[in-house]
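A.B. asks: I am attaching a structure below and will ask some questions about it afterwards.
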Number of protein chains: 2
Amino acid sequence: MRLLSRSEEYVLLAVWRLQGNAYTLSILDQISEVTGYQWQIGAIYVPLEKLRKKGYLKKKKGDPTPERGGRSKFLYELTDLGRKALREIKEVQETAWAGISKITFD
Amino acid sequence: MRLLSRSEEYVLLAVWRLQGNAYTLSILDQISEVTGYQWQIGAIYVPLEKLRKKGYLKKKKGDPTPERGGRSKFLYELTDLGRKALREIKEVQETAWAGISKITFD
DNA sequence: GTATTTGTTTTATAATATTAAACAAATACA
DNA sequence: TGTATTTGTTTAATATTATAAAACAAATAC
C-alpha cells in the first residue's frame, strides 16, 4: 500500500478546500497559493485524471451558462474514497511529524 | 522554488528523529514504521545522496568498532540548511491542511 | 581463510513531475 | 455570419523521483 504522491495529496486538498468550485485552473491557483510558488497546469491535470480513475474524485460538467466568454468548466468533487485517502495521509503525516516543535529547530 | 519530494521529506524527518543513530538501514526502518508499509532501500539511498549533495545532510563514517560482524555505518545528521528545509515544508503543510478537522470528514 | 552478519552502492525500470504548446468552446461585437 | 477574445481542457516531450532487486564491501567469529 503506497502513499498518495505529493501532487495527488495537494490536488485532493485543493478540491476539498474549493468546495463546489474546483476545476483545473482554480485548483492550480489554490495549490500555487498554498505552496508559495507557481505550479504549471500539467502538474495538476495528470494527477487529477489519476485520482478520478482511482475513484477519489468525481468529475462533472459545469453550468452551461458562464457570464463571460470562455468554455464551461469541469468541476471535481471528493468521493467517499477520496475523503478516506485524505484521512489516511493525514494520519501518516501526523505520525511522521509528531514531536517536532519550534524548539527543535533552534 | 520547489518543495522537497516526499521521500526527501521523510528521510530528513527520520534523520532528525533518529538523532545520532541515522544510517541507511535505520532510516529505512523508521520510515517504514511511520508510514505503515515496507520501503525498499533504493527509496532511501537515492534521496539520501541527493540531500547530502544539496547540503541538507552531513555524512560521516560511524564508529570503527561494531560489537558484532558487519561493516561500519555511515551516519547522517541534519545541517542548518536541512533544518531550514524541514521548517519550510512544515509551514507549507500546515497551510495546506489548515482547517481540516475530523468533522470535515464525517 | 571462509562463513556469517551488517551495511552500502549500483542498475534497470516504472511512476511522477515539469514545461510548453495545442486544442476546444463560449461570448462579444463588427 | 465570422473572427477576435477569453476561459478552459488536453496532449506530448522531457526530466526527475521512486521502486525493486541484485551486486558489492567490510567487519567479526571460529
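In the C-alpha cells, each chain is lettered A, B, ... as it comes, each chain's residues begin at 1, and ligands are numbered from 1 in order of appearance.
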Give me, as an MDAnalysis selection string, the residues of chain A that a backbone DSSP run labels helix (DSSP H, G or I).

C.D. replies: chainID A and resid 6:18 24:35 42:53 80:97 102:105

A.B. asks: Would you list which chain A residues are within 7 Å of chain D using only C-alpha atoms (C1' of nucleotides), as a list in words?

C.D. replies: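 Written out as asked, the residues are Gly69, Gly70, Arg71, Ser72 and Lys73 of chain A.
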
A.B. asks: With a cut-off of 7 Å and counting only C-alpha atoms (C1' of nucleotides), select all residues of chain C in contact with chain A and give the selection as a count of residues only.

C.D. replies: 5

A.B. asks: Identify every residue of chain A that has at least one atom within 7 Å of any atom of chain B, counting only C-alpha atoms, and report the result as number ranges by chain.

C.D. replies: A: 1, 6, 34-35, 37, 83, 92, 95-96, 105

A.B. asks: Suppose we keep C-alpha atoms; can you now write the selection as a CSV table (one decimal), in the first residue's frame?

C.D. replies:
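File produced: result.csv:
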chain,number,residue,atom,x,y,z
A,1,MET,CA,0.0,0.0,0.0
A,6,ARG,CA,2.6,14.8,-3.2
A,34,VAL,CA,-0.7,27.3,-0.6
A,35,THR,CA,2.7,26.2,-1.6
A,37,TYR,CA,5.2,29.1,-5.9
A,83,ARG,CA,-12.1,11.6,1.8
A,92,VAL,CA,0.7,9.2,8.4
A,95,THR,CA,2.8,10.4,12.9
A,96,ALA,CA,5.8,11.4,10.9
A,105,PHE,CA,14.7,23.9,15.3

A.B. asks: Do you have the atom C1' of C:DA20-atom CA of A:Leu57 distance handy?

C.D. replies: 26.7 Å

A.B. asks: So which bits of stretch 43-87 of chain A end up strand (DSSP E) when you DSSP the backbone, as a count of residues only?

C.D. replies: 10

A.B. asks: At a cut-off of 7 Å, using only C-alpha atoms (C1' of nucleotides), what residues contact A:Lys60? Leave out same-chain residues fewer than 2 positions from it and give the result as a ChimeraX atom specification.

C.D. replies: /A:58,62,74-76

A.B. asks: Quick one: residues within 9 Å of B:Lys54, only C-alpha atoms (C1' of nucleotides) counted, chain neighbours fewer than 3 positions away excluded, as a ChimeraX atom specification?

C.D. replies: /B:49-51,57,81-82

A.B. asks: To one decimal in Å, tell me the separation between atom CA of B:Lys53 and atom CA of B:Ser26.

C.D. replies: 20.4 Å
